[in-house]
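So this one's my_file_28.txt, compact mmCIF, C-alpha atoms:
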# COMPACT_ATOMS: atom_id res chain seq x y z
CA MET U 255 86.08 -33.93 -22.36
CA PRO U 256 88.23 -36.15 -24.57
CA GLU U 257 91.73 -34.95 -25.44
CA TRP U 258 91.06 -34.29 -29.10
CA LYS U 259 94.13 -32.15 -29.62
CA GLU U 260 96.42 -34.86 -28.30
CA GLU U 261 94.90 -37.41 -30.70
CA ILE U 262 95.26 -35.03 -33.61
CA ARG U 263 98.84 -34.10 -32.76
CA LYS U 264 99.76 -37.78 -32.81
CA ARG U 265 98.48 -38.02 -36.35
CA LEU U 266 100.22 -34.85 -37.47
CA ALA U 267 103.53 -35.85 -35.92
CA GLY U 268 106.20 -36.25 -38.52
CA LEU U 269 104.63 -33.89 -41.03
CA LYS U 270 106.99 -31.12 -39.95
CA LEU U 271 104.38 -28.44 -40.32
CA ALA U 272 105.20 -24.95 -39.14
CA PRO U 273 104.25 -24.75 -35.45
CA THR U 274 101.65 -22.04 -35.97
CA ARG U 275 100.12 -23.93 -38.88
CA GLU U 276 100.04 -27.18 -36.94
CA SER U 277 98.42 -25.38 -34.02
CA GLU U 278 95.72 -23.92 -36.28
CA ILE U 279 94.96 -27.25 -37.93
CA THR U 280 94.88 -29.00 -34.56
CA GLU U 281 92.45 -26.48 -33.14
CA GLU U 282 90.15 -26.62 -36.14
CA LEU U 283 90.03 -30.40 -36.29
CA ALA U 284 89.57 -30.63 -32.52
CA GLN U 285 86.57 -28.31 -32.77
CA HIS U 286 85.05 -30.54 -35.41
CA LEU U 287 85.51 -33.65 -33.26
CA GLU U 288 84.07 -31.87 -30.25
CA ASP U 289 81.03 -30.78 -32.29
CA ARG U 290 80.54 -34.34 -33.47
CA TYR U 291 80.98 -35.71 -29.94
CA GLN U 292 78.45 -33.27 -28.48
CA GLU U 293 75.98 -34.08 -31.21
CA LEU U 294 76.28 -37.80 -30.52
CA LEU U 295 75.74 -37.21 -26.78
CA ILE U 296 72.62 -35.19 -27.54
CA ASP U 297 71.45 -38.08 -29.70
CA GLY U 298 71.70 -40.29 -26.61
CA MET U 299 74.96 -42.10 -27.21
CA ALA U 300 77.08 -43.06 -24.20
CA GLU U 301 80.24 -40.99 -23.64
CA THR U 302 82.69 -43.77 -24.50
CA GLU U 303 80.86 -44.74 -27.63
CA ALA U 304 80.49 -41.12 -28.70
CA CYS U 305 84.18 -40.58 -28.19
CA ASP U 306 85.09 -43.64 -30.26
CA THR U 307 82.67 -42.64 -33.00
CA ALA U 308 84.07 -39.12 -33.19
CA LEU U 309 87.64 -40.42 -33.25
CA ALA U 310 86.72 -42.73 -36.10
CA GLU U 311 86.65 -39.60 -38.24
CA LEU U 312 90.41 -39.63 -37.89
CA SER U 313 90.76 -43.32 -38.60
CA ASP U 314 92.02 -42.64 -42.10
CA SER U 315 95.00 -40.89 -40.60
CA GLN U 316 97.29 -41.80 -43.49
CA VAL U 317 94.91 -39.98 -45.81
CA LEU U 318 94.88 -37.01 -43.46
CA ALA U 319 98.66 -36.86 -43.24
CA GLY U 320 99.22 -37.47 -46.93
CA GLU U 321 96.70 -34.88 -48.05
CA LEU U 322 97.90 -32.29 -45.57
CA ILE U 323 101.46 -32.68 -46.79
CA ARG U 324 100.32 -32.37 -50.37
CA VAL U 325 98.27 -29.25 -49.64
CA GLU U 326 100.89 -27.58 -47.48
CA ARG U 327 103.42 -27.96 -50.27
CA MET U 328 101.15 -26.20 -52.74
CA VAL U 329 102.10 -22.70 -53.71
CA LYS U 330 99.69 -20.34 -52.03
CA HIS U 331 96.97 -18.85 -54.19
CA GLU U 332 97.79 -20.05 -57.65
CA PRO U 333 95.57 -18.07 -59.96
CA VAL U 334 93.88 -20.63 -62.14
CA ALA U 335 91.88 -19.55 -65.12
CA TRP U 336 89.06 -21.96 -65.73
CA GLY U 337 90.25 -24.19 -68.49
CA GLY U 338 93.82 -22.99 -68.03
CA LYS U 339 96.78 -25.01 -66.86
CA ARG U 340 97.47 -25.40 -63.19
CA LYS U 341 100.98 -25.50 -61.80
CA GLU U 342 99.96 -27.91 -59.11
CA LYS U 343 100.84 -31.50 -59.79
CA PRO U 344 97.70 -33.31 -60.90
CA ASP U 345 96.11 -35.25 -58.10
CA ARG U 346 93.63 -37.27 -60.01
CA GLY U 347 91.12 -38.63 -57.65
CA SER U 348 93.49 -38.87 -54.74
CA LEU U 349 91.42 -36.68 -52.51
CA ALA U 350 88.08 -36.95 -54.21
CA GLY U 351 88.25 -40.70 -54.04
CA SER U 352 88.90 -40.74 -50.36
CA ALA U 353 86.77 -37.76 -49.48
CA LEU U 354 83.44 -39.24 -50.28
CA ARG U 355 81.92 -41.93 -48.18
CA THR U 356 78.79 -43.32 -49.69
CA SER U 357 76.29 -45.66 -48.21
CA GLY U 358 76.25 -49.13 -49.65
CA ALA U 359 72.79 -48.69 -51.10
CA ALA U 360 73.45 -45.60 -53.11
CA GLN U 361 76.25 -46.17 -55.55
CA GLU U 362 75.66 -43.27 -57.90
CA PRO U 363 78.13 -40.85 -56.28
CA ARG U 364 80.82 -43.48 -56.71
CA LEU U 365 81.08 -42.06 -60.19
CA TYR U 366 83.13 -39.32 -58.62
CA GLY U 367 85.01 -41.62 -56.32
CA ASN U 368 86.55 -43.57 -59.17
CA ARG U 369 88.84 -42.25 -61.80
CA PRO U 370 86.58 -40.87 -64.49
CA HIS U 371 88.34 -42.32 -67.49
CA ASN U 372 85.62 -41.37 -69.89
CA LEU U 373 84.89 -37.85 -68.79
CA GLY U 374 86.05 -34.89 -70.80
CA SER U 375 88.95 -32.80 -69.58
CA GLN U 376 86.67 -30.18 -68.02
CA HIS U 377 84.78 -32.76 -66.01
CA ARG U 378 87.98 -34.39 -64.90
CA ARG U 379 88.93 -31.01 -63.50
CA GLU U 380 85.57 -30.67 -61.77
CA TYR U 381 85.99 -34.11 -60.32
CA ARG U 382 89.29 -33.06 -58.81
CA ASN U 383 87.74 -29.87 -57.50
CA LEU U 384 84.93 -31.52 -55.59
CA MET E 291 80.06 -28.78 -54.04
CA ILE E 292 81.77 -27.03 -51.15
CA LEU E 293 81.91 -23.78 -53.07
CA SER E 294 78.14 -23.80 -53.47
CA LEU E 295 77.57 -24.37 -49.74
CA ILE E 296 79.38 -21.18 -48.81
CA GLU E 297 78.02 -19.14 -51.65
CA ASP E 298 75.42 -17.31 -49.56
CA ARG E 299 77.26 -17.00 -46.29
CA PRO E 300 80.45 -18.15 -44.57
CA ARG E 301 80.29 -21.50 -42.79
CA HIS E 302 82.64 -23.48 -40.57
CA GLY E 303 83.88 -26.94 -41.43
CA TYR E 304 81.48 -28.90 -39.25
CA GLU E 305 78.54 -26.99 -40.65
CA ILE E 306 79.72 -27.74 -44.18
CA SER E 307 80.04 -31.44 -43.42
CA LYS E 308 76.56 -31.56 -41.87
CA LEU E 309 75.02 -29.78 -44.85
CA ILE E 310 76.60 -32.23 -47.26
CA GLU E 311 75.29 -35.14 -45.23
CA GLN E 312 71.81 -33.68 -44.84
CA ARG E 313 71.35 -32.53 -48.42
CA SER E 314 72.56 -35.85 -49.79
CA GLY E 315 70.15 -37.70 -47.53
CA GLY E 316 73.06 -39.34 -45.75
CA THR E 317 74.50 -40.72 -48.97
CA VAL E 318 77.60 -38.55 -48.95
CA ARG E 319 79.71 -37.91 -45.87
CA PHE E 320 82.97 -36.10 -45.48
CA TYR E 321 85.14 -37.09 -42.56
CA VAL E 322 87.67 -34.89 -40.85
CA ALA E 323 90.54 -36.69 -42.57
CA SER E 324 89.30 -35.69 -45.99
CA LEU E 325 87.22 -32.54 -45.48
CA TYR E 326 89.88 -30.27 -44.03
CA PRO E 327 92.66 -31.03 -46.51
CA LEU E 328 90.11 -30.26 -49.20
CA LEU E 329 89.18 -26.94 -47.56
CA TYR E 330 92.86 -26.04 -47.24
CA ARG E 331 93.41 -26.94 -50.89
CA LEU E 332 90.56 -24.69 -52.01
CA GLU E 333 91.95 -21.94 -49.83
CA LYS E 334 95.41 -22.31 -51.34
CA ARG E 335 93.88 -21.98 -54.75
CA GLY E 336 92.31 -18.74 -53.63
CA TRP E 337 88.76 -19.93 -54.16
CA ILE E 338 87.77 -19.73 -50.48
CA LYS E 339 89.11 -17.79 -47.53
CA GLY E 340 89.09 -18.95 -43.92
CA ARG E 341 88.95 -16.63 -40.94
CA TRP E 342 88.80 -17.27 -37.22
CA VAL E 343 85.72 -15.72 -35.67
CA GLU E 344 85.06 -15.34 -31.97
CA LYS E 345 81.52 -14.87 -30.79
CA ALA E 346 80.50 -14.16 -27.22
CA GLY E 347 79.93 -17.33 -25.26
CA GLN E 348 81.13 -19.58 -28.04
CA ARG E 349 84.36 -21.25 -29.03
CA ARG E 350 86.20 -19.47 -31.79
CA ARG E 351 85.63 -21.10 -35.15
CA ARG E 352 87.15 -20.85 -38.57
CA TYR E 353 84.59 -19.68 -41.11
CA TYR E 354 85.12 -20.08 -44.82
CA ARG E 355 83.75 -17.66 -47.36
CA LEU E 356 83.75 -17.75 -51.12
CA THR E 357 86.21 -15.37 -52.78
CA VAL E 358 85.57 -13.45 -55.98
CA GLU E 359 87.69 -15.96 -57.82
CA GLY E 360 85.76 -18.78 -56.17
CA ARG E 361 82.49 -17.34 -57.46
CA VAL E 362 83.83 -17.34 -60.97
CA VAL E 363 84.95 -20.95 -60.60
CA LEU E 364 81.61 -21.98 -59.08
CA ALA E 365 79.68 -20.43 -61.95
CA ALA E 366 81.89 -22.26 -64.45
CA GLN E 367 81.51 -25.53 -62.54
CA ARG E 368 77.73 -25.16 -62.56
CA ARG E 369 77.72 -24.60 -66.30
CA GLY E 370 79.96 -27.64 -66.72
CA TRP E 371 77.82 -29.88 -64.54
CA LYS E 372 74.63 -28.72 -66.27
CA ALA E 373 76.10 -29.55 -69.66
CA PHE E 374 77.32 -32.89 -68.34
CA VAL E 375 73.95 -33.86 -66.84
CA GLU E 376 72.15 -32.80 -69.99
CA ALA E 377 74.52 -34.90 -72.09
CA ILE E 378 73.95 -37.95 -69.87
CA ASN E 379 70.20 -37.40 -70.03
CA ARG E 380 70.34 -37.28 -73.82
CA ILE E 381 72.39 -40.48 -73.90
CA THR E 382 70.18 -42.36 -71.48
CA GLY E 383 66.96 -40.91 -72.88
CA VAL E 384 65.73 -39.67 -69.51
CA GLU E 385 63.63 -36.94 -71.10
CA HIS E 386 61.73 -39.58 -73.05
CA ALA E 387 61.01 -41.81 -70.05

For the file at hand, write its structure as structure tokens.
Amino acid sequence: MPEWKEEIRKRLAGLKLAPTRESEITEELAQHLEDRYQELLIDGMAETEACDTALAELSDSQVLAGELIRVERMVKHEPVAWGGKRKEKPDRGSLAGSALRTSGAAQEPRLYGNRPHNLGSQHRREYRNL
Amino acid sequence: MILSLIEDRPRHGYEISKLIEQRSGGTVRFYVASLYPLLYRLEKRGWIKGRWVEKAGQRRRRYYRLTVEGRVVLAAQRRGWKAFVEAINRITGVEHA
């Protein structure tokens, strides 16, 4: 079985997460990669190729590290009334833009991957909350 | 989107990612690098709650459930999206097509 945890730890290195938090994140992400790997094997992919394909989910490691830092610095459980102001620094599109991967043929969801200049304030919030 | 997928029952991250992929017909995919920070963000906001669950013969997994506050937010998001889609339809004249 591939060493998922080792690969993940490499990408989390330098974030200075609390050890217990880092351990939890590592375990959860490793489980995801293992699930993906097993699924690819069942689909008939060779072990090496399945391993590379699963690891590709971590290829955007700068996004992973950047977003994790941003999230971990958030104050836990900020009560946000819908339509109210949020203490969290606005993160317009930073995550939503990177979160979605669309196929080349279907461009419609890109609406939410680009900054929605022309949407009303409520929809801008929804866009961030994808 | 994620809130709606855990509305009926708790799900783990991989299950959520597969549902998004399946229901979008493969158009939308979340990778590890983006899905989990998003889940952690929703959890920090108090809209979802993660919990490790161990089942016999299986690896322990972290399941996310919708919180009471998350349900309120989801309902508001649905109203917002419905109004948005209706507005776009009126602009583009979809109902007259």

### Task
To one decimal in Å, tell me the separation between CA of Ile296 (chain U) and CA of Ile279 (chain U).
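CA of Ile279 (chain U) lies 25.9 Å from CA of Ile296 (chain U).
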
### Task
Work out how far apart CA of Thr280 (chain U) and CA of Glu261 (chain U) are and give it in Å to one decimal.
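Here the two named atoms are 9.3 Å from each other.
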
### Message
When you look at region 353-365 of chain E with a cut-off of 10 Å (counting only C-alpha atoms), what residues show up, excluding the ones that are within fewer than 2 positions of it in the same chain? I need them as an NGL selection string.
### Response
(:U and (333-336 or 380 or 383)) or (:E and (291-306 or 329 or 332-333 or 335-343 or 350-351 or 367-371))

Env of Ala284 (chain U): 7 Å cut, atoms = all atoms listed in the file, seq-sep filter 4 positions within chain, self excluded. Answer as a PDB file with C-alpha atoms, in the coordinates of the input.
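As written to disk, part.pdb reads:
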ATOM      1  CA  TRP U 258      91.060 -34.290 -29.100  1.00  0.00           C
ATOM      2  CA  LYS U 259      94.130 -32.150 -29.620  1.00  0.00           C
ATOM      3  CA  THR U 280      94.880 -29.000 -34.560  1.00  0.00           C
ATOM      4  CA  GLU U 288      84.070 -31.870 -30.250  1.00  0.00           C
TER       5      GLU U 288
END

### Query
In Å, with one decimal, what is the gap from CA of Lys270 (chain U) to CA of Ala308 (chain U)?
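Interatomic distance, CA of Lys270 (chain U) to CA of Ala308 (chain U): 25.2 Å.
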
#### Entry: Spatial neighbours of Ile323 (chain U), max dist 7 Å, all atoms listed in the file, sep filter under 4 positions, as a PyMOL selection string
chain U and resi 269+319+327

Counting only C-alpha atoms, which residues of chain E sit at most 6 Å from some atom of chain U, and what is each one's closest atom pair with its distance in Å to one decimal, listed by chain and rising residue number, as CSV?
residue,atom,partner,partner_atom,distance
E:Met291,CA,U:Leu384,CA,5.8
E:Tyr304,CA,U:His286,CA,5.5
E:Thr317,CA,U:Thr356,CA,5.1
E:Val318,CA,U:Thr356,CA,5.0
E:Arg319,CA,U:Arg355,CA,5.1
E:Phe320,CA,U:Leu354,CA,5.8
E:Tyr321,CA,U:Glu311,CA,5.2
E:Val322,CA,U:Glu311,CA,5.5
E:Ala323,CA,U:Leu318,CA,4.4
E:Ser324,CA,U:Ala353,CA,4.8
E:Pro327,CA,U:Leu322,CA,5.5
E:Arg331,CA,U:Val325,CA,5.5
E:Lys334,CA,U:His331,CA,4.7
E:Arg335,CA,U:His331,CA,4.4
E:Gly336,CA,U:His331,CA,4.7

### Message
Excluding Ala304 (chain U) and its own-chain neighbours fewer than 6 positions away, which residues fall within 10 Å of it when counting all atoms listed in the file? Please give them as a PyMOL selection string.
### Response
chain U and resi 290-298+310
